[in-house]
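J.: Got a file for you: start31.txt, compact mmCIF, C-alpha atoms.
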# COMPACT_ATOMS: atom_id res chain seq x y z
CA MET A 1 40.11 -2.06 24.81
CA MET A 2 43.18 -3.39 26.56
CA ARG A 3 43.73 -5.72 29.46
CA ILE A 4 44.75 -4.05 32.72
CA ALA A 5 47.96 -6.10 32.80
CA GLU A 6 48.79 -4.89 29.25
CA ALA A 7 48.41 -1.26 30.30
CA LEU A 8 50.58 -1.76 33.36
CA ASP A 9 53.14 -3.68 31.36
CA ALA A 10 53.33 -0.82 28.85
CA PHE A 11 54.04 1.58 31.70
CA ARG A 12 56.59 -0.65 33.45
CA PRO A 13 59.71 0.24 31.37
CA HIS A 14 59.08 3.94 32.03
CA ARG A 15 58.67 3.61 35.76
CA GLY A 16 62.16 4.71 36.84
CA ASN A 17 62.06 5.69 40.51
CA ALA A 18 58.46 6.82 40.42
CA VAL A 19 56.14 6.07 43.29
CA VAL A 20 53.35 3.84 41.95
CA ILE A 21 49.89 3.67 43.48
CA PRO A 22 48.29 0.82 41.54
CA GLY A 23 44.75 1.22 42.88
CA ARG A 24 42.50 -1.52 41.60
CA GLY A 25 45.30 -2.59 39.27
CA GLY A 26 47.22 -3.74 42.32
CA ARG A 27 46.56 -7.43 41.78
CA TYR A 28 48.35 -7.21 38.41
CA TRP A 29 51.04 -4.68 39.34
CA VAL A 30 52.28 -6.73 42.27
CA ASP A 31 53.59 -9.34 39.79
CA LEU A 32 55.13 -6.75 37.46
CA SER A 33 56.86 -4.33 39.80
CA ASP A 34 60.58 -4.52 40.43
CA ARG A 35 60.57 -1.65 42.98
CA GLN A 36 58.02 -2.82 45.49
CA THR A 37 59.21 -0.53 48.26
CA LEU A 38 58.19 2.41 46.07
CA ASP A 39 54.77 0.90 45.44
CA LEU A 40 51.73 1.81 47.51
CA PRO A 41 49.25 -1.00 46.83
CA MET A 42 46.69 0.08 49.39
CA GLY A 43 43.90 -2.18 48.14
CA ASP A 44 40.63 -0.40 48.82
CA PRO A 45 40.72 1.48 52.14
CA ALA A 46 37.53 3.36 51.22
CA MET A 47 36.12 3.67 47.72
CA GLY A 48 36.63 6.99 46.01
CA GLY A 49 39.81 7.96 47.78
CA HIS A 50 42.66 6.85 45.55
CA ALA A 51 42.91 10.17 43.72
CA GLY A 52 43.14 12.04 47.00
CA PHE A 53 45.74 9.67 48.35
CA GLY A 54 47.77 10.08 45.16
CA LEU A 55 47.49 13.84 45.39
CA GLY A 56 48.67 13.79 48.99
CA VAL A 57 51.71 11.67 48.18
CA ALA A 58 52.54 13.87 45.18
CA LEU A 59 52.36 17.04 47.27
CA ALA A 60 54.45 15.46 49.99
CA ARG A 61 57.18 14.18 47.65
CA PRO A 62 57.59 16.75 44.87
CA GLU A 63 61.07 15.45 44.06
CA ARG A 64 59.75 12.30 42.38
CA LYS A 65 57.00 11.25 40.02
CA VAL A 66 53.85 9.79 41.51
CA VAL A 67 51.86 7.55 39.17
CA LEU A 68 48.33 6.59 40.14
CA PHE A 69 46.17 3.95 38.45
CA ASP A 70 42.70 5.06 39.49
CA SER A 71 39.42 3.50 38.40
CA GLU A 72 36.23 5.01 37.03
CA GLY A 73 34.06 3.74 39.87
CA ASP A 74 36.35 5.50 42.32
CA ILE A 75 36.60 8.76 40.42
CA LEU A 76 32.84 8.91 39.87
CA MET A 77 32.47 8.93 43.65
CA SER A 78 34.86 11.86 43.89
CA LEU A 79 34.61 13.97 40.77
CA GLY A 80 35.24 17.05 42.90
CA MET A 81 38.71 15.69 43.59
CA LEU A 82 39.66 16.53 40.02
CA VAL A 83 39.16 20.20 40.81
CA THR A 84 41.35 20.02 43.90
CA ILE A 85 44.09 18.24 41.97
CA ALA A 86 43.90 20.79 39.16
CA GLU A 87 44.15 23.66 41.62
CA GLN A 88 47.14 22.18 43.43
CA ALA A 89 48.64 21.24 40.04
CA PRO A 90 51.44 18.98 41.24
CA ALA A 91 53.91 18.76 38.37
CA ASN A 92 54.95 15.28 39.51
CA PHE A 93 51.46 13.74 39.39
CA TYR A 94 50.46 11.32 36.61
CA HIS A 95 46.83 10.26 36.95
CA PHE A 96 45.89 7.19 34.92
CA LEU A 97 42.34 5.86 34.92
CA LEU A 98 41.43 2.21 34.37
CA ASP A 99 37.93 2.44 32.90
CA ASN A 100 36.24 -0.94 32.57
CA GLU A 101 32.77 0.65 32.53
CA CYS A 102 31.59 -1.51 35.42
CA TYR A 103 31.91 -2.46 39.06
CA ALA A 104 34.10 -5.48 38.42
CA THR A 105 34.56 -6.50 42.04
CA THR A 106 30.81 -6.78 42.64
CA GLY A 107 29.97 -8.84 39.58
CA GLY A 108 30.25 -6.42 36.66
CA GLN A 109 27.21 -4.17 36.97
CA PRO A 110 27.65 -1.07 34.77
CA VAL A 111 28.61 2.26 36.34
CA PRO A 112 26.00 4.95 35.63
CA ASN A 113 26.05 6.12 32.01
CA ALA A 114 29.04 3.85 31.51
CA LYS A 115 29.47 4.15 27.75
CA ASN A 116 28.95 7.88 27.44
CA ILE A 117 31.44 9.44 29.82
CA ALA A 118 34.55 11.17 28.47
CA TYR A 119 36.81 11.15 31.50
CA ASP A 120 39.62 12.95 29.72
CA LYS A 121 37.23 15.80 28.97
CA LEU A 122 36.04 15.85 32.58
CA ALA A 123 39.65 16.24 33.68
CA LEU A 124 40.26 19.06 31.21
CA ALA A 125 37.06 20.78 32.28
CA ALA A 126 38.18 20.52 35.90
CA GLY A 127 41.39 22.31 35.03
CA TYR A 128 43.99 19.62 34.25
CA PRO A 129 46.35 21.13 31.69
CA ARG A 130 46.69 17.87 29.72
CA ALA A 131 44.50 14.80 29.29
CA PHE A 132 44.45 11.82 26.97
CA ALA A 133 42.27 8.81 26.23
CA PHE A 134 43.43 5.48 24.80
CA ASP A 135 41.55 2.36 23.73
CA GLU A 136 44.51 0.27 22.59
CA ALA A 137 47.66 -0.76 24.44
CA GLY A 138 49.82 -0.04 21.38
CA GLU A 139 48.66 3.58 21.23
CA LEU A 140 49.32 3.98 24.91
CA GLN A 141 52.77 2.45 24.55
CA ARG A 142 53.73 4.91 21.83
CA ALA A 143 52.44 7.93 23.76
CA LEU A 144 53.90 7.11 27.17
CA PRO A 145 57.37 8.64 26.66
CA ASP A 146 55.79 11.99 25.87
CA ILE A 147 53.17 11.75 28.59
CA LEU A 148 55.69 10.87 31.29
CA GLY A 149 58.43 13.06 29.88
CA ARG A 150 56.52 16.27 30.47
CA PRO A 151 55.31 17.82 33.72
CA GLY A 152 51.98 16.93 35.26
CA PRO A 153 49.39 16.95 36.33
CA VAL A 154 48.17 14.87 33.46
CA PHE A 155 45.12 12.62 33.16
CA VAL A 156 45.19 9.48 31.03
CA ALA A 157 41.94 7.55 30.58
CA LEU A 158 42.37 3.92 29.50
CA LYS A 159 39.57 1.67 28.27
CA VAL A 160 40.18 -1.75 29.79
CA TYR A 161 38.31 -5.03 29.59
CA PRO A 162 36.09 -5.84 32.53
CA GLU A 163 37.88 -8.54 34.46
CA VAL A 164 34.96 -9.41 36.63
CA GLU A 165 35.34 -11.23 39.91
CA ASN A 166 32.27 -13.30 40.60
CA ALA A 167 33.58 -15.43 43.45
CA PRO A 168 32.53 -14.48 46.99
CA ILE A 169 35.03 -12.00 48.40
CA GLY A 170 36.17 -14.41 51.08
CA SER A 171 37.18 -17.04 48.54
CA ARG A 172 39.10 -14.79 46.14
CA ARG A 173 42.83 -15.11 45.74
CA ARG A 174 44.55 -12.65 48.06
CA TRP A 175 47.02 -10.78 45.88
CA GLN A 176 48.48 -8.55 48.56
CA THR A 177 51.91 -9.72 49.65
CA ARG A 178 52.20 -7.12 52.43
CA SER A 179 49.85 -5.59 54.97
CA ARG A 180 48.99 -1.89 54.57
CA GLU A 181 51.07 -1.13 57.63
CA GLN A 182 54.03 -2.89 56.05
CA VAL A 183 53.52 -1.07 52.75
CA LEU A 184 53.66 2.32 54.47
CA GLN A 185 56.58 1.29 56.65
CA ASP A 186 58.58 0.08 53.63
CA PHE A 187 57.74 3.24 51.71
CA ARG A 188 58.89 5.56 54.47
CA ALA A 189 62.08 3.55 54.95
CA GLU A 190 62.79 3.77 51.21
CA LEU A 191 62.31 7.53 51.17
CA VAL A 192 64.77 8.16 53.98
CA ARG A 193 67.50 5.93 52.56
CA PRO A 194 70.74 7.87 52.01
CA ASP A 195 70.34 7.45 48.25
CA GLY A 196 66.71 8.50 48.47
CA GLY A 197 65.59 5.27 46.90
CA ASP A 198 67.33 6.10 43.62
CA MET B 1 22.41 30.70 81.79
CA ASN B 2 24.75 32.62 79.55
CA ASP B 3 25.37 30.72 76.33
CA ALA B 4 28.63 32.43 75.37
CA PRO B 5 32.14 31.70 76.63
CA THR B 6 33.71 34.61 78.48
CA VAL B 7 36.68 35.02 76.10
CA ALA B 8 36.54 34.21 72.42
CA LEU B 9 38.78 31.73 70.69
CA SER B 10 41.06 33.93 68.64
CA PRO B 11 42.33 32.86 65.23
CA GLU B 12 45.84 33.86 66.25
CA THR B 13 45.70 31.38 69.12
CA VAL B 14 44.54 28.56 66.87
CA LEU B 15 47.15 29.34 64.25
CA ALA B 16 49.89 29.40 66.88
CA ALA B 17 48.74 26.01 68.12
CA MET B 18 48.86 24.63 64.59
CA LYS B 19 52.41 25.89 64.11
CA GLU B 20 53.53 24.55 67.47
CA GLY B 21 51.99 21.24 66.49
CA GLY B 22 54.21 21.15 63.41
CA VAL B 23 51.37 21.30 60.90
CA THR B 24 52.58 21.58 57.30
CA ASP B 25 49.35 21.29 55.31
CA ILE B 26 45.75 22.17 56.04
CA VAL B 27 43.20 20.18 54.10
CA TRP B 28 39.96 22.03 54.49
CA LEU B 29 36.51 23.09 53.49
CA PRO B 30 35.21 26.38 54.93
CA ASP B 31 32.57 26.40 57.64
CA SER B 32 30.96 29.02 59.80
CA GLU B 33 32.85 28.02 62.95
CA THR B 34 36.38 28.22 61.58
CA ASN B 35 36.13 30.56 58.58
CA TRP B 36 37.85 33.30 60.56
CA LEU B 37 41.07 31.31 60.24
CA TYR B 38 41.27 31.59 56.49
CA LEU B 39 43.05 34.91 56.07
CA LEU B 40 45.63 34.05 58.70
CA MET B 41 46.27 30.58 57.30
CA GLN B 42 46.58 31.99 53.81
CA ALA B 43 49.15 34.53 55.00
CA GLU B 44 51.23 31.95 56.85
CA PRO B 45 54.08 30.84 54.56
CA SER B 46 54.79 27.64 56.47
CA LEU B 47 51.32 26.26 55.69
CA ARG B 48 49.99 24.85 52.45
CA LEU B 49 46.21 25.04 52.06
CA VAL B 50 44.54 22.24 50.15
CA GLY B 51 40.91 23.09 49.51
CA VAL B 52 38.42 20.28 48.97
CA SER B 53 34.86 20.31 47.68
CA ARG B 54 33.62 17.47 49.89
CA GLU B 55 34.92 16.68 53.34
CA GLY B 56 35.58 12.99 52.76
CA HIS B 57 38.21 13.94 50.20
CA ALA B 58 40.25 15.46 53.01
CA CYS B 59 40.81 12.05 54.59
CA SER B 60 42.57 10.35 51.69
CA ILE B 61 44.54 13.52 50.87
CA ALA B 62 45.70 13.72 54.48
CA ALA B 63 46.60 10.03 54.41
CA GLY B 64 48.74 10.57 51.31
CA LEU B 65 50.43 13.60 52.81
CA ALA B 66 51.20 11.69 55.99
CA ALA B 67 52.47 8.68 54.03
CA GLY B 68 54.91 11.02 52.32
CA GLY B 69 56.19 12.48 55.59
CA ARG B 70 54.10 15.66 55.96
CA LYS B 71 51.94 16.63 58.92
CA PRO B 72 48.46 17.55 57.71
CA LEU B 73 45.56 18.93 59.68
CA ILE B 74 41.96 18.53 58.54
CA LEU B 75 39.67 21.52 59.03
CA ILE B 76 35.99 20.79 58.38
CA GLN B 77 32.54 21.07 59.94
CA ASN B 78 30.72 18.39 61.92
CA THR B 79 28.18 17.98 59.10
CA GLY B 80 30.97 17.10 56.69
CA MET B 81 32.68 14.91 59.24
CA MET B 82 29.58 12.76 59.48
CA GLU B 83 29.30 12.61 55.71
CA SER B 84 32.92 11.40 55.66
CA GLY B 85 32.35 8.33 57.79
CA ASP B 86 33.71 5.71 55.42
CA SER B 87 36.74 7.80 54.50
CA ILE B 88 37.53 8.34 58.17
CA ARG B 89 37.21 4.60 58.72
CA GLY B 90 39.29 3.50 55.76
CA TRP B 91 41.85 6.22 55.14
CA LEU B 92 42.47 7.56 58.66
CA LEU B 93 41.67 4.80 61.15
CA GLY B 94 42.51 2.02 58.70
CA LEU B 95 45.94 3.39 57.87
CA ASN B 96 46.76 4.60 61.40
CA ILE B 97 47.11 8.22 60.33
CA PRO B 98 48.08 10.47 63.27
CA VAL B 99 46.09 13.49 62.18
CA VAL B 100 44.15 16.14 64.07
CA LEU B 101 40.74 17.03 62.68
CA MET B 102 39.62 20.49 63.73
CA VAL B 103 35.86 20.28 63.42
CA GLY B 104 33.42 23.18 63.56
CA TYR B 105 30.76 22.18 66.07
CA ARG B 106 27.65 23.50 64.33
CA GLY B 107 24.72 23.70 66.69
CA TRP B 108 26.78 23.46 69.87
CA THR B 109 25.28 25.17 72.89
CA ARG B 110 26.87 25.35 76.30
CA HIS B 111 23.66 24.33 78.06
CA GLY B 112 23.33 21.17 75.99
CA VAL B 113 19.94 21.97 74.45
CA THR B 114 20.03 22.32 70.69
CA THR B 115 17.55 22.16 67.86
CA ASP B 116 20.33 21.43 65.36
CA THR B 117 20.74 17.71 64.73
CA ALA B 118 24.26 18.36 63.43
CA ALA B 119 25.17 18.91 67.07
CA THR B 120 22.93 16.15 68.36
CA TYR B 121 24.86 13.45 66.54
CA THR B 122 28.40 14.86 66.55
CA GLU B 123 29.70 13.34 69.77
CA ARG B 124 27.70 10.15 69.26
CA PHE B 125 29.36 9.78 65.87
CA LEU B 126 32.82 10.20 67.36
CA MET B 127 32.06 7.73 70.13
CA ALA B 128 30.79 5.20 67.59
CA PHE B 129 34.09 5.44 65.72
CA GLY B 130 36.12 5.37 68.93
CA ILE B 131 37.75 8.69 68.12
CA ASN B 132 38.81 10.79 71.07
CA TYR B 133 37.92 14.48 71.04
CA TYR B 134 38.45 17.76 72.84
CA LEU B 135 36.20 20.83 72.93
CA VAL B 136 37.67 24.31 72.51
CA GLU B 137 35.56 27.43 72.96
CA SER B 138 37.97 30.13 74.06
CA ASP B 139 41.66 30.95 74.22
CA ALA B 140 41.78 29.36 77.64
CA ASP B 141 41.06 26.02 75.97
CA ALA B 142 43.96 26.29 73.52
CA PRO B 143 46.20 23.84 75.42
CA ARG B 144 43.73 21.13 74.44
CA ILE B 145 44.83 21.58 70.83
CA ALA B 146 48.40 20.73 71.80
CA THR B 147 47.04 17.77 73.75
CA ALA B 148 45.26 16.56 70.62
CA PHE B 149 48.45 16.76 68.54
CA ALA B 150 50.41 14.87 71.16
CA GLU B 151 47.73 12.22 71.46
CA ALA B 152 47.51 11.69 67.71
CA GLU B 153 51.27 11.13 67.56
CA ARG B 154 51.33 8.86 70.58
CA THR B 155 48.42 6.71 69.49
CA GLN B 156 48.94 6.95 65.69
CA ARG B 157 45.25 7.66 65.36
CA PRO B 158 43.08 10.59 64.34
CA VAL B 159 42.02 12.91 67.17
CA VAL B 160 39.29 15.54 66.90
CA VAL B 161 39.20 19.10 68.24
CA LEU B 162 35.63 20.36 68.30
CA VAL B 163 35.46 24.12 67.80
CA GLY B 164 32.45 25.41 69.69
CA ASP B 165 32.95 29.07 68.91
CA GLU B 166 31.37 30.62 65.86
CA TYR B 167 32.54 33.26 63.41
CA HIS B 168 33.48 36.64 64.72
CA GLY B 169 35.13 38.70 62.11
CA PHE B 170 37.21 37.37 59.27
CA ASN B 171 34.37 36.08 57.19
CA ARG B 172 36.01 35.77 53.79
Would you write the structure of this file as structure tokens?
T.:
Amino acid sequence: MMRIAEALDAFRPHRGNAVVIPGRGGRYWVDLSDRQTLDLPMGDPAMGGHAGFGLGVALARPERKVVLFDSEGDILMSLGMLVTIAEQAPANFYHFLLDNECYATTGGQPVPNAKNIAYDKLALAAGYPRAFAFDEAGELQRALPDILGRPGPVFVALKVYPEVENAPIGSRRRWQTRSREQVLQDFRAELVRPDGGD
Amino acid sequence: MNDAPTVALSPETVLAAMKEGGVTDIVWLPDSETNWLYLLMQAEPSLRLVGVSREGHACSIAAGLAAGGRKPLILIQNTGMMESGDSIRGWLLGLNIPVVLMVGYRGWTRHGVTTDTAATYTERFLMAFGINYYLVESDADAPRIATAFAEAERTQRPVVVLVGDEYHGFNR
């Protein structure tokens, strides 16, 4: 297993001008990113929707890579989304999955059948042309140039340690530095810049 | 009392309203009230169709499309709209997405008496969420679609068009 921050840190040098949707990795990515106006840290508008949001952004902006860090609790709520993504097949979409085998924000209860799900195989069965699974940050680091250097859609399942939050939600550290409205406003402004954000 | 509108709502009229509204992408799941649109939408080169397998998925996809500068429309049935409650709350209302949802009004009757609970709860659901809506049954109602597009833009909120006319032809 790897820590979420390790996985994100392995990805960071390869980011380029990609749009990054950090999903539940947002609290770590916000400290790592050097292109925050191209980040879409939406928090958790409604569970199960990150993959759809990522697909929508990828379809809307085919000229740049869109990298999503989804989570297994979210994707289990929306397995049918994999089929829609595979059908649309956006070549600029890179779908990473942070699989900690549990609902970390509610105290760490296991997701159903947590240890027996092969998410990469689910993605392939849904029609993704490529899918990978990694347990170690080093393996991921070595594979990333190839994964990101070829067209998507691609699915990359990552086993990460549960980093369970047991404090009441109201007393947790707020990691967001911008409101959702501000995030979207900054993103749109970046996309219409004369240099296109490059 | 006659239960049918005098003139049907034609798919050509609806498609024209979508194009006038600047729609670029239709995120949809087929239903028996709007299935007659499919062949026309599919043949329209200015539209991209994004098919979903559960209606709630349409909300986050539409939010992503809108975030990236596109103008999506969601085409689903009232049953699926109700199933999508949390996605509507979080991805559409929560992110101020100015999107029109064209919603098949299963169970709608003009005299207001229905045995279909899908219809019973449709308008109550929309009122609970504070989402404004317009009913279209015939071509004469088509201007309400343009009104919905304008309102969504002006308010930066989702607006619903309830389609109270059922399948009459292009059932593919």
J.: Using only C-alpha atoms, I'd like a table of the residues in chain B that come within 12 Å of chain A; for each, show the closest atom pair and its distance in Å rounded to one decimal, ordered by chain and ascending number, as CSV.
T.:
residue,atom,partner,partner_atom,distance
B:Thr24,CA,A:Ala60,CA,9.7
B:Asp25,CA,A:Ala60,CA,9.4
B:Ile26,CA,A:Gly56,CA,11.3
B:Val27,CA,A:Gly56,CA,9.8
B:Trp28,CA,A:Thr84,CA,10.9
B:Leu29,CA,A:Thr84,CA,11.2
B:Arg48,CA,A:Leu59,CA,9.7
B:Leu49,CA,A:Gln88,CA,9.1
B:Val50,CA,A:Gln88,CA,7.2
B:Gly51,CA,A:Thr84,CA,6.4
B:Val52,CA,A:Thr84,CA,5.9
B:Ser53,CA,A:Gly80,CA,5.8
B:Arg54,CA,A:Gly80,CA,7.2
B:Glu55,CA,A:Gly80,CA,10.5
B:Gly56,CA,A:Gly49,CA,8.2
B:His57,CA,A:Gly52,CA,6.2
B:Ala58,CA,A:Gly52,CA,7.5
B:Cys59,CA,A:Gly52,CA,7.9
B:Ser60,CA,A:Phe53,CA,4.7
B:Ile61,CA,A:Gly52,CA,4.4
B:Ala62,CA,A:Gly56,CA,6.2
B:Ala63,CA,A:Phe53,CA,6.1
B:Gly64,CA,A:Gly56,CA,4.0
B:Leu65,CA,A:Gly56,CA,4.2
B:Ala66,CA,A:Gly56,CA,7.7
B:Ala67,CA,A:Leu184,CA,6.5
B:Gly68,CA,A:Ala60,CA,5.0
B:Gly69,CA,A:Ala60,CA,6.6
B:Arg70,CA,A:Ala60,CA,6.0
B:Lys71,CA,A:Ala60,CA,9.3
B:Pro72,CA,A:Gly56,CA,9.5
B:Ser84,CA,A:Ala46,CA,10.3
B:Gly85,CA,A:Ala46,CA,9.7
B:Asp86,CA,A:Ala46,CA,6.1
B:Ser87,CA,A:Ala46,CA,5.6
B:Ile88,CA,A:Ala46,CA,8.6
B:Arg89,CA,A:Ala46,CA,7.6
B:Gly90,CA,A:Pro45,CA,4.4
B:Trp91,CA,A:Pro45,CA,5.7
B:Leu92,CA,A:Pro45,CA,9.1
B:Leu93,CA,A:Pro45,CA,9.6
B:Gly94,CA,A:Pro45,CA,6.8
B:Leu95,CA,A:Glu181,CA,6.8
B:Asn96,CA,A:Glu181,CA,8.1
B:Ile97,CA,A:Glu181,CA,10.5
B:Gln156,CA,A:Glu181,CA,11.6
J.: Under the rule that all atoms listed in the file are counted, which of B:Gln77, B:Asn35, B:Thr114, B:Thr147 is the nearest residue to Val100 of chain B?
T.: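 Looking only at the distances to Val100 of chain B, the closest residue turns out to be B:Thr147.
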J.: Compare B:Met81, B:Leu73, B:Ala150, B:Leu9 by their minimum atom-to-atom distance to Gly164 of chain B, counting only C-alpha atoms, and give me the closest one.
T.: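 The shortest atom-to-atom distance to Gly164 of chain B comes from B:Leu9.
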J.: To one decimal place, how far is atom CA of Asp99 of chain A from atom CA of Glu83 of chain B in Å?
T.: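 Taking atom CA of Asp99 of chain A as the start and atom CA of Glu83 of chain B as the end point, the length is 26.4 Å.
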J.: Give the answer as one residue: which of A:Arg172, A:Arg24, A:Lys159, A:Lys115 has the shortest atom-to-atom distance to Leu68 of chain A, using all atoms listed in the file?
T.: A:Arg24
J.: I'd like the neighbourhood of Asn100 of chain A as JSON, numbers by chain, where a residue qualifies if any of its atoms comes within 10 Å (using only C-alpha atoms), though same-chain residues fewer than 5 positions away should be ignored.
T.: {"A": [1, 2, 3, 4, 71, 72, 73, 108, 110, 111, 114, 115, 158, 159, 160, 161, 162, 163, 164]}
J.: Please measure the separation of atom CA of Pro145 of chain A and atom CA of Ala189 of chain A, giving the value in Å to one decimal.
T.: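 A separation of 29.1 Å between them.
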J.: Around the point (35.5, 25.1, 68.2), in the coordinates given by the file, pick out the residues reaching within 9 Å, counting all atoms listed in the file, and return them as number ranges by chain.
T.: B: 9, 33-34, 102-106, 135-138, 161-166
J.: Which polymer residues have any atom within 12 Å of an atom of segment 11-14 of chain A, counting only C-alpha atoms, with same-chain residues fewer than 6 positions away left out, as number ranges by chain?
T.: A: 4-5, 20, 22, 28-35, 65, 67-69, 94, 96, 137-149, 156
J.: Just how far from atom CA of Leu101 of chain B is atom CA of Val23 of chain B, in Å to one decimal?
T.: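 Taking atom CA of Val23 of chain B and atom CA of Leu101 of chain B, their separation equals 11.6 Å.
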J.: Can you take the partial segment 105-127 of chain A, add N, CA and C atoms, and return it as an mmCIF file, keeping the file's coordinate frame?
T.:
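See out-v2.cif below for the written result:
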data_model
loop_
_atom_site.group_PDB
_atom_site.id
_atom_site.type_symbol
_atom_site.label_atom_id
_atom_site.label_comp_id
_atom_site.auth_asym_id
_atom_site.auth_seq_id
_atom_site.Cartn_x
_atom_site.Cartn_y
_atom_site.Cartn_z
ATOM 1 N N THR A 105 34.407 -5.700 40.824
ATOM 2 C CA THR A 105 34.560 -6.500 42.040
ATOM 3 C C THR A 105 33.211 -6.944 42.620
ATOM 4 N N THR A 106 32.119 -6.378 42.103
ATOM 5 C CA THR A 106 30.810 -6.780 42.640
ATOM 6 C C THR A 106 30.015 -7.605 41.636
ATOM 7 N N GLY A 107 30.658 -7.993 40.532
ATOM 8 C CA GLY A 107 29.970 -8.840 39.580
ATOM 9 C C GLY A 107 29.802 -8.241 38.199
ATOM 10 N N GLY A 108 30.240 -6.995 37.997
ATOM 11 C CA GLY A 108 30.250 -6.420 36.660
ATOM 12 C C GLY A 108 29.056 -5.556 36.302
ATOM 13 N N GLN A 109 28.329 -5.073 37.281
ATOM 14 C CA GLN A 109 27.210 -4.170 36.970
ATOM 15 C C GLN A 109 27.778 -2.872 36.390
ATOM 16 N N PRO A 110 27.089 -2.284 35.384
ATOM 17 C CA PRO A 110 27.650 -1.070 34.770
ATOM 18 C C PRO A 110 27.646 0.121 35.730
ATOM 19 N N VAL A 111 28.668 0.984 35.606
ATOM 20 C CA VAL A 111 28.610 2.260 36.340
ATOM 21 C C VAL A 111 27.581 3.128 35.611
ATOM 22 N N PRO A 112 27.017 4.121 36.286
ATOM 23 C CA PRO A 112 26.000 4.950 35.630
ATOM 24 C C PRO A 112 26.533 5.589 34.349
ATOM 25 N N ASN A 113 25.730 5.504 33.312
ATOM 26 C CA ASN A 113 26.050 6.120 32.010
ATOM 27 C C ASN A 113 27.408 5.666 31.476
ATOM 28 N N ALA A 114 27.696 4.398 31.713
ATOM 29 C CA ALA A 114 29.040 3.850 31.510
ATOM 30 C C ALA A 114 29.668 4.157 30.158
ATOM 31 N N LYS A 115 28.876 4.069 29.098
ATOM 32 C CA LYS A 115 29.470 4.150 27.750
ATOM 33 C C LYS A 115 29.523 5.566 27.207
ATOM 34 N N ASN A 116 29.062 6.522 27.984
ATOM 35 C CA ASN A 116 28.950 7.880 27.440
ATOM 36 C C ASN A 116 29.763 8.926 28.187
ATOM 37 N N ILE A 117 30.675 8.483 29.018
ATOM 38 C CA ILE A 117 31.440 9.440 29.820
ATOM 39 C C ILE A 117 32.820 9.633 29.196
ATOM 40 N N ALA A 118 33.204 10.862 28.984
ATOM 41 C CA ALA A 118 34.550 11.170 28.470
ATOM 42 C C ALA A 118 35.390 11.682 29.648
ATOM 43 N N TYR A 119 36.084 10.764 30.287
ATOM 44 C CA TYR A 119 36.810 11.150 31.500
ATOM 45 C C TYR A 119 37.941 12.133 31.213
ATOM 46 N N ASP A 120 38.557 11.996 30.050
ATOM 47 C CA ASP A 120 39.620 12.950 29.720
ATOM 48 C C ASP A 120 39.051 14.366 29.629
ATOM 49 N N LYS A 121 37.845 14.468 29.090
ATOM 50 C CA LYS A 121 37.230 15.800 28.970
ATOM 51 C C LYS A 121 36.796 16.327 30.349
ATOM 52 N N LEU A 122 36.354 15.425 31.212
ATOM 53 C CA LEU A 122 36.040 15.850 32.580
ATOM 54 C C LEU A 122 37.271 16.439 33.250
ATOM 55 N N ALA A 123 38.409 15.767 33.054
ATOM 56 C CA ALA A 123 39.650 16.240 33.680
ATOM 57 C C ALA A 123 40.037 17.605 33.118
ATOM 58 N N LEU A 124 39.930 17.761 31.815
ATOM 59 C CA LEU A 124 40.260 19.060 31.210
ATOM 60 C C LEU A 124 39.312 20.150 31.720
ATOM 61 N N ALA A 125 38.037 19.796 31.811
ATOM 62 C CA ALA A 125 37.060 20.780 32.280
ATOM 63 C C ALA A 125 37.306 21.160 33.736
ATOM 64 N N ALA A 126 37.875 20.224 34.497
ATOM 65 C CA ALA A 126 38.180 20.520 35.900
ATOM 66 C C ALA A 126 39.445 21.362 36.040
ATOM 67 N N GLY A 127 40.211 21.451 34.976
ATOM 68 C CA GLY A 127 41.390 22.310 35.030
ATOM 69 C C GLY A 127 42.720 21.611 34.843
#
